[in-house]
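Worksheet: one structure, shown below.
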Amino acid sequence: MAVDERNRFRVTLEDEVMDYLEEIKTEQGFKYNGDVISYLVKENKRLKKNEWSLNYIAEAVTSNLYQTLKEELSRIRLGTNNTDRNTQIIMEVLNGMLINDNVEGLVTSDVMEAEGLKNAKNTVQERIENKRQKRVEWENTRKNKEGN
């Protein structure tokens, strides 16, 4: 079919549809109902194409987000596993010490804190700060490499 060639066909439409066609004809300044139908078909094609594009973008963003979160969640999982393992070891050591020393009651650290516990807290805090600083430096190095 040539570009300018048109086909004629008869169609029966509900009053509501005819009213809508008239509304569009007035809004868009069309002279004939056929122009309105052609316009609606072109709009429908355009919207379908946009819908496909939006779906593609949504899938790409979802995939990228998944990869980013997967890496971060893996780090968190590994850190949590390490912390859990260390906590269980400490609990077993303390349990053994309490049984070995026949300890019946405990004084909690909010009542009295041993010098060794203070030293341990300080050492752990320094480790955390050092690891945090190393991570910040690593991230900055990575960003600089990506930026170049």
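Each chain of the structure tokens is named A, B, ... in the order shown, its residues numbered from 1; ligands are numbered from 1 in display order.
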
Running DSSP on the backbone, which parts of chain A land in alpha helix (DSSP H), as a count of residues only? 115

Leaving out stretch 19-23 of chain A and any residue of its chain fewer than 3 positions from it, which residues lie within 12 Å of it when counting only C-alpha atoms, given as a PyMOL selection string? chain A and resi 13-16+26-40

Quick one: distance from atom CA of A:Thr87 to atom CA of A:Arg127 in Å, one decimal? 16.6 Å

d(atom CA of A:Glu146, atom CA of A:Ile128) in Å: 26.8 Å

So how far away is atom CA of A:Glu104 from atom CA of A:Thr123, in Å? 29.2 Å
